[in-house]
>>> print(open('query.pdb').read())   # PDB, C-alpha atoms
ATOM      1  CA  MET A  25       9.007 -31.986  -4.156
ATOM      2  CA  ALA A  26      10.971 -29.019  -5.479
ATOM      3  CA  ASN A  27      14.478 -27.763  -4.776
ATOM      4  CA  LEU A  28      13.936 -24.364  -3.201
ATOM      5  CA  ALA A  29      15.924 -21.858  -1.169
ATOM      6  CA  PHE A  30      14.827 -19.323   1.412
ATOM      7  CA  LEU A  31      17.029 -16.428   2.471
ATOM      8  CA  GLY A  32      16.208 -14.245   5.455
ATOM      9  CA  LEU A  33      14.746 -15.918   8.544
ATOM     10  CA  GLY A  34      13.351 -13.007  10.521
ATOM     11  CA  ILE A  35       9.878 -12.521  11.984
ATOM     12  CA  MET A  36       8.259 -13.203   8.609
ATOM     13  CA  GLY A  37      10.866 -15.306   6.839
ATOM     14  CA  TYR A  38      11.232 -18.015   9.473
ATOM     15  CA  PRO A  39       7.589 -19.187   9.403
ATOM     16  CA  MET A  40       7.420 -18.720   5.618
ATOM     17  CA  ALA A  41      10.396 -21.037   5.130
ATOM     18  CA  GLN A  42       8.948 -23.392   7.706
ATOM     19  CA  ASN A  43       5.726 -23.680   5.712
ATOM     20  CA  LEU A  44       7.649 -24.503   2.527
ATOM     21  CA  LEU A  45       9.419 -27.291   4.395
ATOM     22  CA  ARG A  46       6.162 -28.576   5.840
ATOM     23  CA  ALA A  47       4.755 -28.694   2.304
ATOM     24  CA  GLY A  48       7.412 -31.303   1.564
ATOM     25  CA  HIS A  49       9.911 -29.236  -0.410
ATOM     26  CA  SER A  50      13.673 -29.425  -0.077
ATOM     27  CA  VAL A  51      14.779 -25.976   1.107
ATOM     28  CA  ALA A  52      18.289 -24.549   1.286
ATOM     29  CA  LEU A  53      18.373 -22.034   4.136
ATOM     30  CA  TRP A  54      20.494 -18.952   4.713
ATOM     31  CA  SER A  55      20.203 -16.280   7.356
ATOM     32  CA  ASN A  56      22.479 -13.461   8.417
ATOM     33  CA  THR A  57      22.066 -15.061  11.848
ATOM     34  CA  LEU A  58      23.243 -18.595  11.099
ATOM     35  CA  ASP A  59      21.758 -20.006  14.306
ATOM     36  CA  LYS A  60      18.258 -19.338  12.952
ATOM     37  CA  ALA A  61      18.939 -21.515   9.918
ATOM     38  CA  LYS A  62      20.390 -24.257  12.114
ATOM     39  CA  LYS A  63      17.368 -24.111  14.430
ATOM     40  CA  LEU A  64      14.877 -24.393  11.578
ATOM     41  CA  ALA A  65      16.833 -27.234   9.993
ATOM     42  CA  SER A  66      16.782 -29.093  13.295
ATOM     43  CA  GLU A  67      12.998 -28.697  13.526
ATOM     44  CA  GLU A  68      12.025 -29.651   9.982
ATOM     45  CA  GLY A  69      13.191 -32.269   7.502
ATOM     46  CA  ASN A  70      14.567 -31.616   4.011
ATOM     47  CA  ALA A  71      16.414 -28.467   5.092
ATOM     48  CA  THR A  72      20.041 -27.657   4.265
ATOM     49  CA  VAL A  73      21.943 -24.895   6.052
ATOM     50  CA  CYS A  74      24.072 -22.760   3.721
ATOM     51  CA  ALA A  75      26.978 -20.506   4.641
ATOM     52  CA  THR A  76      26.314 -17.916   1.922
ATOM     53  CA  PRO A  77      23.494 -16.747  -0.368
ATOM     54  CA  LYS A  78      25.613 -17.958  -3.301
ATOM     55  CA  GLU A  79      25.637 -21.495  -1.906
ATOM     56  CA  ALA A  80      21.874 -21.468  -1.358
ATOM     57  CA  ALA A  81      21.234 -20.163  -4.883
ATOM     58  CA  ALA A  82      23.319 -22.921  -6.435
ATOM     59  CA  LYS A  83      21.016 -25.538  -4.865
ATOM     60  CA  ALA A  84      17.695 -24.014  -5.925
ATOM     61  CA  ASP A  85      15.442 -23.923  -8.951
ATOM     62  CA  CYS A  86      13.357 -21.295  -7.158
ATOM     63  CA  LEU A  87      14.717 -18.980  -4.484
ATOM     64  CA  PHE A  88      12.768 -16.815  -2.036
ATOM     65  CA  LEU A  89      14.079 -13.804  -0.180
ATOM     66  CA  CYS A  90      12.515 -11.880   2.711
ATOM     67  CA  VAL A  91      14.703  -9.208   4.308
ATOM     68  CA  GLY A  92      14.130  -5.829   5.903
ATOM     69  CA  ASP A  93      15.041  -3.146   3.402
ATOM     70  CA  THR A  94      16.475  -2.266   0.012
ATOM     71  CA  ALA A  95      20.116  -2.230   1.109
ATOM     72  CA  MET A  96      19.790  -5.707   2.642
ATOM     73  CA  SER A  97      18.151  -7.090  -0.487
ATOM     74  CA  GLU A  98      20.841  -5.620  -2.737
ATOM     75  CA  ARG A  99      23.613  -6.963  -0.509
ATOM     76  CA  VAL A 100      22.165 -10.489  -0.397
ATOM     77  CA  MET A 101      21.321 -10.506  -4.091
ATOM     78  CA  LEU A 102      24.272  -8.705  -5.639
ATOM     79  CA  GLY A 103      27.019  -8.528  -3.001
ATOM     80  CA  GLU A 104      30.069 -10.729  -2.515
ATOM     81  CA  ASN A 105      28.963 -14.385  -2.367
ATOM     82  CA  GLY A 106      25.497 -13.146  -3.255
ATOM     83  CA  VAL A 107      22.650 -14.896  -5.001
ATOM     84  CA  ILE A 108      23.660 -13.661  -8.446
ATOM     85  CA  GLU A 109      26.995 -15.483  -8.181
ATOM     86  CA  GLY A 110      25.290 -18.841  -7.657
ATOM     87  CA  ILE A 111      22.000 -18.557  -9.514
ATOM     88  CA  LYS A 112      21.330 -21.115 -12.245
ATOM     89  CA  ALA A 113      20.090 -20.175 -15.702
ATOM     90  CA  GLY A 114      16.329 -20.638 -15.791
ATOM     91  CA  ALA A 115      15.947 -20.373 -12.032
ATOM     92  CA  VAL A 116      13.383 -18.038 -10.473
ATOM     93  CA  VAL A 117      14.180 -15.458  -7.810
ATOM     94  CA  VAL A 118      11.192 -14.269  -5.777
ATOM     95  CA  ASP A 119      11.881 -11.277  -3.553
ATOM     96  CA  ALA A 120       9.134 -11.056  -0.920
ATOM     97  CA  SER A 121      10.810  -8.067   0.747
ATOM     98  CA  THR A 122       9.222  -4.632   0.668
ATOM     99  CA  ILE A 123      11.869  -2.519  -1.041
ATOM    100  CA  SER A 124      12.280   0.266  -3.579
ATOM    101  CA  PRO A 125      10.502  -0.576  -6.858
ATOM    102  CA  THR A 126      13.249   1.195  -8.793
ATOM    103  CA  ALA A 127      16.001  -0.838  -7.095
ATOM    104  CA  SER A 128      14.012  -4.049  -7.580
ATOM    105  CA  LYS A 129      13.703  -3.447 -11.323
ATOM    106  CA  ALA A 130      17.444  -2.784 -11.551
ATOM    107  CA  MET A 131      18.169  -6.083  -9.780
ATOM    108  CA  GLY A 132      15.742  -7.892 -12.059
ATOM    109  CA  ALA A 133      17.659  -6.660 -15.099
ATOM    110  CA  LYS A 134      20.912  -8.016 -13.672
ATOM    111  CA  PHE A 135      19.358 -11.448 -13.106
ATOM    112  CA  ALA A 136      17.839 -11.432 -16.582
ATOM    113  CA  ALA A 137      21.350 -10.948 -17.947
ATOM    114  CA  LYS A 138      22.300 -14.177 -16.163
ATOM    115  CA  GLY A 139      19.360 -16.035 -17.716
ATOM    116  CA  ALA A 140      17.351 -16.089 -14.480
ATOM    117  CA  HIS A 141      13.811 -14.854 -13.825
ATOM    118  CA  PHE A 142      12.921 -12.295 -11.153
ATOM    119  CA  LEU A 143       9.623 -11.547  -9.427
ATOM    120  CA  ASP A 144       8.896  -8.880  -6.838
ATOM    121  CA  ALA A 145       6.343 -10.428  -4.497
ATOM    122  CA  PRO A 146       5.925  -8.372  -1.324
ATOM    123  CA  CYS A 147       3.418  -9.822   1.096
ATOM    124  CA  THR A 148       1.079  -8.615   3.798
ATOM    125  CA  GLY A 149      -0.421 -10.329   6.816
ATOM    126  CA  SER A 150       2.288  -9.703   9.416
ATOM    127  CA  LYS A 151       3.581 -12.428  11.706
ATOM    128  CA  PRO A 152       0.208 -14.182  12.245
ATOM    129  CA  GLY A 153      -0.299 -14.499   8.479
ATOM    130  CA  ALA A 154       3.196 -15.886   7.995
ATOM    131  CA  GLU A 155       2.695 -18.435  10.764
ATOM    132  CA  LYS A 156      -0.739 -19.539   9.529
ATOM    133  CA  ALA A 157       0.239 -19.504   5.823
ATOM    134  CA  THR A 158      -2.485 -16.970   5.074
ATOM    135  CA  LEU A 159      -0.333 -14.196   3.589
ATOM    136  CA  THR A 160      -1.440 -12.051   0.662
ATOM    137  CA  PHE A 161       1.144 -11.653  -2.117
ATOM    138  CA  MET A 162       1.284  -8.827  -4.647
ATOM    139  CA  VAL A 163       3.402  -9.966  -7.582
ATOM    140  CA  GLY A 164       5.186  -8.117 -10.364
ATOM    141  CA  GLY A 165       7.055  -9.726 -13.260
ATOM    142  CA  ASP A 166       6.458 -12.141 -16.105
ATOM    143  CA  LYS A 167       2.978 -13.646 -15.705
ATOM    144  CA  GLU A 168       4.013 -17.105 -16.912
ATOM    145  CA  VAL A 169       6.830 -17.164 -14.358
ATOM    146  CA  PHE A 170       4.333 -16.141 -11.677
ATOM    147  CA  GLU A 171       1.990 -18.974 -12.635
ATOM    148  CA  LYS A 172       4.906 -21.415 -12.516
ATOM    149  CA  THR A 173       5.870 -20.175  -9.059
ATOM    150  CA  LYS A 174       2.358 -19.898  -7.623
ATOM    151  CA  PRO A 175       2.212 -23.476  -6.219
ATOM    152  CA  PHE A 176       5.148 -22.609  -3.937
ATOM    153  CA  LEU A 177       3.528 -19.340  -2.890
ATOM    154  CA  GLU A 178       0.389 -21.304  -2.014
ATOM    155  CA  ALA A 179       2.345 -23.040   0.751
ATOM    156  CA  MET A 180       2.778 -19.616   2.379
ATOM    157  CA  GLY A 181      -0.333 -17.638   1.477
ATOM    158  CA  LYS A 182      -3.979 -17.620   0.502
ATOM    159  CA  GLN A 183      -4.419 -14.577  -1.746
ATOM    160  CA  PHE A 184      -2.374 -13.742  -4.829
ATOM    161  CA  TYR A 185      -2.598 -10.633  -6.948
ATOM    162  CA  TYR A 186      -0.736 -10.414 -10.226
ATOM    163  CA  CYS A 187      -0.085  -6.684 -10.527
ATOM    164  CA  GLY A 188       1.737  -6.475 -13.857
ATOM    165  CA  ALA A 189       5.325  -5.877 -14.913
ATOM    166  CA  GLN A 190       8.200  -6.077 -12.471
ATOM    167  CA  GLY A 191       7.988  -3.454  -9.766
ATOM    168  CA  MET A 192       4.195  -3.240  -9.855
ATOM    169  CA  GLY A 193       3.798  -5.664  -6.955
ATOM    170  CA  LEU A 194       5.915  -3.320  -4.858
ATOM    171  CA  HIS A 195       3.965  -0.263  -5.966
ATOM    172  CA  ALA A 196       0.741  -2.032  -4.911
ATOM    173  CA  LYS A 197       2.209  -3.050  -1.528
ATOM    174  CA  LEU A 198       3.477   0.453  -0.793
ATOM    175  CA  SER A 199       0.103   1.914  -1.694
ATOM    176  CA  GLN A 200      -1.524  -0.495   0.753
ATOM    177  CA  ASN A 201       0.938   0.305   3.524
ATOM    178  CA  LEU A 202       0.306   4.012   3.039
ATOM    179  CA  VAL A 203      -3.184   3.303   4.360
ATOM    180  CA  VAL A 204      -1.988   1.005   7.177
ATOM    181  CA  GLY A 205       0.632   3.445   8.472
ATOM    182  CA  ASN A 206      -1.716   6.417   8.427
ATOM    183  CA  ILE A 207      -4.544   4.477  10.084
ATOM    184  CA  MET A 208      -2.141   3.432  12.849
ATOM    185  CA  GLN A 209      -1.181   7.051  13.509
ATOM    186  CA  THR A 210      -4.830   8.137  13.408
ATOM    187  CA  LEU A 211      -5.741   5.424  15.926
ATOM    188  CA  ASN A 212      -2.899   6.628  18.156
ATOM    189  CA  GLU A 213      -4.241  10.187  18.030
ATOM    190  CA  SER A 214      -7.802   9.057  18.747
ATOM    191  CA  LEU A 215      -6.811   7.029  21.817
ATOM    192  CA  VAL A 216      -4.548   9.720  23.239
ATOM    193  CA  LEU A 217      -7.228  12.415  22.782
ATOM    194  CA  ALA A 218      -9.817  10.200  24.464
ATOM    195  CA  ALA A 219      -7.487   9.287  27.331
ATOM    196  CA  LYS A 220      -6.647  12.949  27.950
ATOM    197  CA  ALA A 221     -10.368  13.795  28.067
ATOM    198  CA  GLY A 222     -11.121  10.906  30.404
ATOM    199  CA  VAL A 223     -13.162   8.780  28.013
ATOM    200  CA  ASP A 224     -13.340   5.083  28.942
ATOM    201  CA  LEU A 225     -10.891   3.571  26.482
ATOM    202  CA  GLU A 226     -12.572   0.189  26.139
ATOM    203  CA  LEU A 227     -15.841   2.016  25.451
ATOM    204  CA  LEU A 228     -14.123   4.041  22.735
ATOM    205  CA  VAL A 229     -12.698   0.908  21.130
ATOM    206  CA  ASP A 230     -16.202  -0.603  21.090
ATOM    207  CA  ILE A 231     -17.521   2.587  19.468
ATOM    208  CA  LEU A 232     -14.769   2.478  16.849
ATOM    209  CA  ASN A 233     -15.458  -1.189  16.149
ATOM    210  CA  ASN A 234     -19.073  -0.335  15.415
ATOM    211  CA  SER A 235     -18.366   2.666  13.240
ATOM    212  CA  VAL A 236     -16.892   3.274   9.814
ATOM    213  CA  ALA A 237     -13.492   3.494  11.535
ATOM    214  CA  LYS A 238     -13.313  -0.251  12.018
ATOM    215  CA  GLY A 239     -10.690  -2.255  10.146
ATOM    216  CA  MET A 240      -7.351  -2.686  11.824
ATOM    217  CA  ILE A 241      -8.741  -1.367  15.099
ATOM    218  CA  PRO A 242      -9.995  -4.741  16.441
ATOM    219  CA  PHE A 243      -6.498  -6.143  15.834
ATOM    220  CA  LYS A 244      -4.313  -3.321  17.152
ATOM    221  CA  ALA A 245      -6.350  -1.525  19.833
ATOM    222  CA  PRO A 246      -6.280  -4.367  22.419
ATOM    223  CA  PHE A 247      -2.475  -4.472  22.181
ATOM    224  CA  VAL A 248      -2.337  -0.706  22.761
ATOM    225  CA  LEU A 249      -4.609  -0.833  25.812
ATOM    226  CA  ARG A 250      -2.423  -3.591  27.330
ATOM    227  CA  HIS A 251       0.735  -1.730  26.325
ATOM    228  CA  ASP A 252       1.771  -4.990  24.692
ATOM    229  CA  PHE A 253       4.112  -3.923  21.922
ATOM    230  CA  SER A 254       5.510  -7.358  21.078
ATOM    231  CA  THR A 255       6.340  -7.314  17.410
ATOM    232  CA  ASN A 256       4.027  -8.405  14.639
ATOM    233  CA  PHE A 257       5.148  -5.621  12.303
ATOM    234  CA  SER A 258       7.822  -3.330  13.668
ATOM    235  CA  THR A 259       7.797   0.458  13.748
ATOM    236  CA  ARG A 260      11.188   0.392  12.029
ATOM    237  CA  TRP A 261       9.893  -1.458   8.985
ATOM    238  CA  MET A 262       6.704   0.583   8.741
ATOM    239  CA  GLU A 263       8.802   3.776   8.822
ATOM    240  CA  LYS A 264      10.952   2.270   6.083
ATOM    241  CA  ASP A 265       7.841   1.566   4.012
ATOM    242  CA  LEU A 266       6.518   5.084   4.598
ATOM    243  CA  SER A 267       9.882   6.462   3.442
ATOM    244  CA  LEU A 268       9.654   4.337   0.292
ATOM    245  CA  ILE A 269       6.090   5.580  -0.223
ATOM    246  CA  LEU A 270       7.253   9.206   0.014
ATOM    247  CA  GLU A 271      10.186   8.463  -2.308
ATOM    248  CA  SER A 272       7.844   6.951  -4.866
ATOM    249  CA  ALA A 273       5.451   9.873  -4.439
ATOM    250  CA  GLY A 274       8.331  12.258  -5.118
ATOM    251  CA  GLU A 275       9.204  10.409  -8.316
ATOM    252  CA  LEU A 276       5.571  10.618  -9.423
ATOM    253  CA  ALA A 277       5.033  14.233  -8.234
ATOM    254  CA  VAL A 278       2.242  13.192  -5.833
ATOM    255  CA  PRO A 279       1.833  15.238  -2.608
ATOM    256  CA  LEU A 280       1.209  13.110   0.526
ATOM    257  CA  PRO A 281       1.073  15.558   3.453
ATOM    258  CA  ILE A 282      -0.584  13.249   6.008
ATOM    259  CA  THR A 283       1.796  10.412   5.182
ATOM    260  CA  SER A 284       4.734  12.776   5.688
ATOM    261  CA  VAL A 285       3.619  13.578   9.236
ATOM    262  CA  THR A 286       2.951   9.919  10.006
ATOM    263  CA  GLN A 287       6.427   8.987   8.809
ATOM    264  CA  GLN A 288       7.940  11.607  11.118
ATOM    265  CA  MET A 289       6.003  10.253  14.115
ATOM    266  CA  PHE A 290       7.259   6.764  13.381
ATOM    267  CA  ARG A 291      10.777   8.133  12.954
ATOM    268  CA  ALA A 292      10.494   9.844  16.351
ATOM    269  CA  THR A 293       9.573   6.468  17.853
ATOM    270  CA  ILE A 294      12.709   4.944  16.350
ATOM    271  CA  ALA A 295      14.817   7.831  17.663
ATOM    272  CA  LYS A 296      13.614   6.977  21.163
ATOM    273  CA  GLY A 297      14.962   3.440  20.801
ATOM    274  CA  MET A 298      11.600   1.753  20.223
ATOM    275  CA  GLY A 299      11.930   0.962  16.522
ATOM    276  CA  ASP A 300      11.971  -2.805  16.896
ATOM    277  CA  ASP A 301       8.706  -2.867  18.862
ATOM    278  CA  ASP A 302       5.416  -3.308  17.045
ATOM    279  CA  MET A 303       4.235  -0.241  15.153
ATOM    280  CA  CYS A 304       1.361   0.220  17.600
ATOM    281  CA  GLY A 305       4.049   1.091  20.161
ATOM    282  CA  SER A 306       4.502   4.357  18.292
ATOM    283  CA  ILE A 307       1.663   5.686  20.436
ATOM    284  CA  ARG A 308       4.184   6.227  23.259
ATOM    285  CA  VAL A 309       5.609   9.286  21.510
ATOM    286  CA  LEU A 310       2.184  10.895  21.432
ATOM    287  CA  GLU A 311       1.488   9.801  25.015
ATOM    288  CA  GLU A 312       4.636  11.571  26.133
ATOM    289  CA  MET A 313       3.769  14.713  24.173
ATOM    290  CA  ALA A 314       0.261  14.797  25.700
ATOM    291  CA  ASN A 315       1.375  13.642  29.163
ATOM    292  CA  VAL A 316      -1.190  10.876  29.322
ATOM    293  CA  SER A 317      -1.177   7.072  29.363
ATOM    294  CA  VAL A 318      -3.427   5.113  27.012
ATOM    295  CA  ARG A 319      -3.701   1.980  29.046
ATOM    296  CA  LYS A 320      -6.506  -0.141  30.406
ATOM    297  CA  VAL A 321      -6.799   0.122  34.177
ATOM    298  CA  ASP A 322      -7.573  -3.272  35.680
ATOM    299  CA  SER A 323     -10.573  -3.132  37.970
TER     300      SER A 323
END
>>> encode(input="query.pdb", output="structure tokens")
Amino acid sequence: MANLAFLGLGIMGYPMAQNLLRAGHSVALWSNTLDKAKKLASEEGNATVCATPKEAAAKADCLFLCVGDTAMSERVMLGENGVIEGIKAGAVVVDASTISPTASKAMGAKFAAKGAHFLDAPCTGSKPGAEKATLTFMVGGDKEVFEKTKPFLEAMGKQFYYCGAQGMGLHAKLSQNLVVGNIMQTLNESLVLAAKAGVDLELLVDILNNSVAKGMIPFKAPFVLRHDFSTNFSTRWMEKDLSLILESAGELAVPLPITSVTQQMFRATIAKGMGDDDMCGSIRVLEEMANVSVRKVDS
């Protein structure tokens, strides 16, 4: 049993922390919404609710963080009563958030100055992967530190890719999400075009599933046809990732025209107040533009 901490108990973080507890570890919990930490502690043994990130850090030899964006990560890590104020020399900080690689490297340098280790370890698998402990982690940082931390990651995931120096895990994750975001927008366009033309939508999904287009379609298309936009991975966070992708592309002088359009469609969805719904709900913007509904009609 190890003394761990988990900060950030959102859609992904809550089941991730839960799986660490179920693996038998002692876990100090902190969430911006304190009731989430109290709820998880009441459900699982060996959990301690902490009032601040600093308090949680002081209890842990290895600390995990999973929050929404770069600003949140910086605030929890470096802000008043933040992790850096309580971290122990020799402890490991593992940030599973998807944030700016540049900002992550800057934070890592600050923790190194305190004698602590820092890994960027963004993950993929959405809510189902977090709940089933089948996440895929892409890790950047010292390889020996990664190997030391891997047994804890194995309580939350099934696939682990060591990507190189700090920041490289994030670069790999953003490159992956470039594909996911653009495929989602392409699927939206395909379904709206078919609906406008009068194609049977379930027939189209079957065609897509048996063509080279298959991939995320079997997962997302049924939700779209039901207009079930309950959140597995929100539009807001995918738009954030697409923005990070475009920022990184700007730094590297790489043109990404399709990704730019996709990011704007996701941003339009957020502007309409639908940012917290699943990213497949972004199809509603295109539906409105085309004046058509992509929805299965019950017979």
>>> closest_residue(input="query.pdb", among="A:Met162, A:Cys187, A:Leu143, A:Leu64", to="Tyr38 in chain A", atoms="all atoms listed in the file")
A:Leu64
>>> closest_residue(input="query.pdb", among="A:Ser272, A:Asn56, A:Ser50, A:Ser214", to="Gly37 in chain A", atoms="all atoms listed in the file")
A:Asn56
>>> closest_residue(input="query.pdb", among="A:Gly110, A:Cys90, A:Leu45, A:Ile231", to="Thr72 in chain A", atoms="all atoms listed in the file")
A:Leu45
>>> closest_atom_pairs(input="query.pdb", of="range 56-101 of chain A", to="range 28-31 of chain A", cutoff="10 Å", atoms="only C-alpha atoms", output="tab-separated table")
residue	atom	partner	partner_atom	distance
A:Asn56	CA	A:Leu31	CA	8.6
A:Ala61	CA	A:Leu31	CA	9.2
A:Ala71	CA	A:Ala29	CA	9.1
A:Thr72	CA	A:Ala29	CA	9.0
A:Val73	CA	A:Ala29	CA	9.9
A:Cys74	CA	A:Ala29	CA	9.5
A:Thr76	CA	A:Leu31	CA	9.4
A:Pro77	CA	A:Leu31	CA	7.1
A:Glu79	CA	A:Ala29	CA	9.7
A:Ala80	CA	A:Ala29	CA	6.0
A:Ala81	CA	A:Ala29	CA	6.7
A:Ala82	CA	A:Ala29	CA	9.1
A:Lys83	CA	A:Ala29	CA	7.3
A:Ala84	CA	A:Leu28	CA	4.7
A:Asp85	CA	A:Leu28	CA	6.0
A:Cys86	CA	A:Leu28	CA	5.0
A:Leu87	CA	A:Ala29	CA	4.6
A:Phe88	CA	A:Phe30	CA	4.7
A:Leu89	CA	A:Leu31	CA	4.8
A:Cys90	CA	A:Leu31	CA	6.4
A:Val91	CA	A:Leu31	CA	7.8
A:Ser97	CA	A:Leu31	CA	9.9
A:Val100	CA	A:Leu31	CA	8.4
A:Met101	CA	A:Leu31	CA	9.8
>>> write_last_selection(input="query.pdb", atoms="C-alpha atoms", output="PDB file, keeping the file's coordinate frame")
ATOM      1  CA  ASN A  56      22.479 -13.461   8.417  1.00  0.00           C
ATOM      2  CA  ALA A  61      18.939 -21.515   9.918  1.00  0.00           C
ATOM      3  CA  ALA A  71      16.414 -28.467   5.092  1.00  0.00           C
ATOM      4  CA  THR A  72      20.041 -27.657   4.265  1.00  0.00           C
ATOM      5  CA  VAL A  73      21.943 -24.895   6.052  1.00  0.00           C
ATOM      6  CA  CYS A  74      24.072 -22.760   3.721  1.00  0.00           C
ATOM      7  CA  THR A  76      26.314 -17.916   1.922  1.00  0.00           C
ATOM      8  CA  PRO A  77      23.494 -16.747  -0.368  1.00  0.00           C
ATOM      9  CA  GLU A  79      25.637 -21.495  -1.906  1.00  0.00           C
ATOM     10  CA  ALA A  80      21.874 -21.468  -1.358  1.00  0.00           C
ATOM     11  CA  ALA A  81      21.234 -20.163  -4.883  1.00  0.00           C
ATOM     12  CA  ALA A  82      23.319 -22.921  -6.435  1.00  0.00           C
ATOM     13  CA  LYS A  83      21.016 -25.538  -4.865  1.00  0.00           C
ATOM     14  CA  ALA A  84      17.695 -24.014  -5.925  1.00  0.00           C
ATOM     15  CA  ASP A  85      15.442 -23.923  -8.951  1.00  0.00           C
ATOM     16  CA  CYS A  86      13.357 -21.295  -7.158  1.00  0.00           C
ATOM     17  CA  LEU A  87      14.717 -18.980  -4.484  1.00  0.00           C
ATOM     18  CA  PHE A  88      12.768 -16.815  -2.036  1.00  0.00           C
ATOM     19  CA  LEU A  89      14.079 -13.804  -0.180  1.00  0.00           C
ATOM     20  CA  CYS A  90      12.515 -11.880   2.711  1.00  0.00           C
ATOM     21  CA  VAL A  91      14.703  -9.208   4.308  1.00  0.00           C
ATOM     22  CA  SER A  97      18.151  -7.090  -0.487  1.00  0.00           C
ATOM     23  CA  VAL A 100      22.165 -10.489  -0.397  1.00  0.00           C
ATOM     24  CA  MET A 101      21.321 -10.506  -4.091  1.00  0.00           C
TER      25      MET A 101
END
>>> atom_distance(input="query.pdb", atom1="CA of Ser306 in chain A", atom2="CA of Glu213 in chain A")
10.5 Å
>>> resolve_selection(input="query.pdb", expression="the PyMOL selection byres ((chain A and resi 200) around 12)", output="PyMOL selection string")
chain A and resi 122+146-149+160-162+193-199+201-207+262+265-266+269
>>> write_last_selection(input="query.pdb", atoms="C-alpha atoms", output="PDB file, in the coordinates of the input")
ATOM      1  CA  THR A 122       9.222  -4.632   0.668  1.00  0.00           C
ATOM      2  CA  PRO A 146       5.925  -8.372  -1.324  1.00  0.00           C
ATOM      3  CA  CYS A 147       3.418  -9.822   1.096  1.00  0.00           C
ATOM      4  CA  THR A 148       1.079  -8.615   3.798  1.00  0.00           C
ATOM      5  CA  GLY A 149      -0.421 -10.329   6.816  1.00  0.00           C
ATOM      6  CA  THR A 160      -1.440 -12.051   0.662  1.00  0.00           C
ATOM      7  CA  PHE A 161       1.144 -11.653  -2.117  1.00  0.00           C
ATOM      8  CA  MET A 162       1.284  -8.827  -4.647  1.00  0.00           C
ATOM      9  CA  GLY A 193       3.798  -5.664  -6.955  1.00  0.00           C
ATOM     10  CA  LEU A 194       5.915  -3.320  -4.858  1.00  0.00           C
ATOM     11  CA  HIS A 195       3.965  -0.263  -5.966  1.00  0.00           C
ATOM     12  CA  ALA A 196       0.741  -2.032  -4.911  1.00  0.00           C
ATOM     13  CA  LYS A 197       2.209  -3.050  -1.528  1.00  0.00           C
ATOM     14  CA  LEU A 198       3.477   0.453  -0.793  1.00  0.00           C
ATOM     15  CA  SER A 199       0.103   1.914  -1.694  1.00  0.00           C
ATOM     16  CA  ASN A 201       0.938   0.305   3.524  1.00  0.00           C
ATOM     17  CA  LEU A 202       0.306   4.012   3.039  1.00  0.00           C
ATOM     18  CA  VAL A 203      -3.184   3.303   4.360  1.00  0.00           C
ATOM     19  CA  VAL A 204      -1.988   1.005   7.177  1.00  0.00           C
ATOM     20  CA  GLY A 205       0.632   3.445   8.472  1.00  0.00           C
ATOM     21  CA  ASN A 206      -1.716   6.417   8.427  1.00  0.00           C
ATOM     22  CA  ILE A 207      -4.544   4.477  10.084  1.00  0.00           C
ATOM     23  CA  MET A 262       6.704   0.583   8.741  1.00  0.00           C
ATOM     24  CA  ASP A 265       7.841   1.566   4.012  1.00  0.00           C
ATOM     25  CA  LEU A 266       6.518   5.084   4.598  1.00  0.00           C
ATOM     26  CA  ILE A 269       6.090   5.580  -0.223  1.00  0.00           C
TER      27      ILE A 269
END
>>> residues_near_point(input="query.pdb", point="(9.6, 0.2, 14.9)", cutoff="10 Å", atoms="only C-alpha atoms", output="PyMOL selection string")
chain A and resi 253+255+257-264+290-295+297-306
>>> closest_residue(input="query.pdb", among="A:Lys156, A:Gln209, A:Glu271, A:Val117", to="Ile241 in chain A", atoms="all atoms listed in the file")
A:Gln209
>>> resolve_selection(input="query.pdb", expression="the PyMOL selection byres ((chain A and resi 70) around 10)", output="list in words")
Met25, Asn27, Leu45, Arg46, Gly48, His49, Ser50, Val51, Ala52, Ala65, Ser66, Glu68, Gly69, Ala71 and Thr72 of chain A
>>> write_last_selection(input="query.pdb", atoms="C-alpha atoms", output="mmCIF file, in the coordinates of the input")
data_model
loop_
_atom_site.group_PDB
_atom_site.id
_atom_site.type_symbol
_atom_site.label_atom_id
_atom_site.label_comp_id
_atom_site.auth_asym_id
_atom_site.auth_seq_id
_atom_site.Cartn_x
_atom_site.Cartn_y
_atom_site.Cartn_z
ATOM 1 C CA MET A 25 9.007 -31.986 -4.156
ATOM 2 C CA ASN A 27 14.478 -27.763 -4.776
ATOM 3 C CA LEU A 45 9.419 -27.291 4.395
ATOM 4 C CA ARG A 46 6.162 -28.576 5.840
ATOM 5 C CA GLY A 48 7.412 -31.303 1.564
ATOM 6 C CA HIS A 49 9.911 -29.236 -0.410
ATOM 7 C CA SER A 50 13.673 -29.425 -0.077
ATOM 8 C CA VAL A 51 14.779 -25.976 1.107
ATOM 9 C CA ALA A 52 18.289 -24.549 1.286
ATOM 10 C CA ALA A 65 16.833 -27.234 9.993
ATOM 11 C CA SER A 66 16.782 -29.093 13.295
ATOM 12 C CA GLU A 68 12.025 -29.651 9.982
ATOM 13 C CA GLY A 69 13.191 -32.269 7.502
ATOM 14 C CA ALA A 71 16.414 -28.467 5.092
ATOM 15 C CA THR A 72 20.041 -27.657 4.265
#
>>> axis_aligned_box(input="query.pdb", around="range 167-174 of chain A", padding_each_side="4 Å", output="lines of an AutoDock Vina configuration file")
center_x = 4.4
center_y = -17.5
center_z = -12.3
size_x = 12.8
size_y = 15.8
size_z = 17.3
>>> atom_distance(input="query.pdb", atom1="CA of Ala273 in chain A", atom2="CA of Lys296 in chain A")
27.0 Å
>>> closest_residue(input="query.pdb", among="A:Pro39, A:Gly164, A:Gly32, A:Gly191", to="Arg99 in chain A", atoms="only C-alpha atoms")
A:Gly32
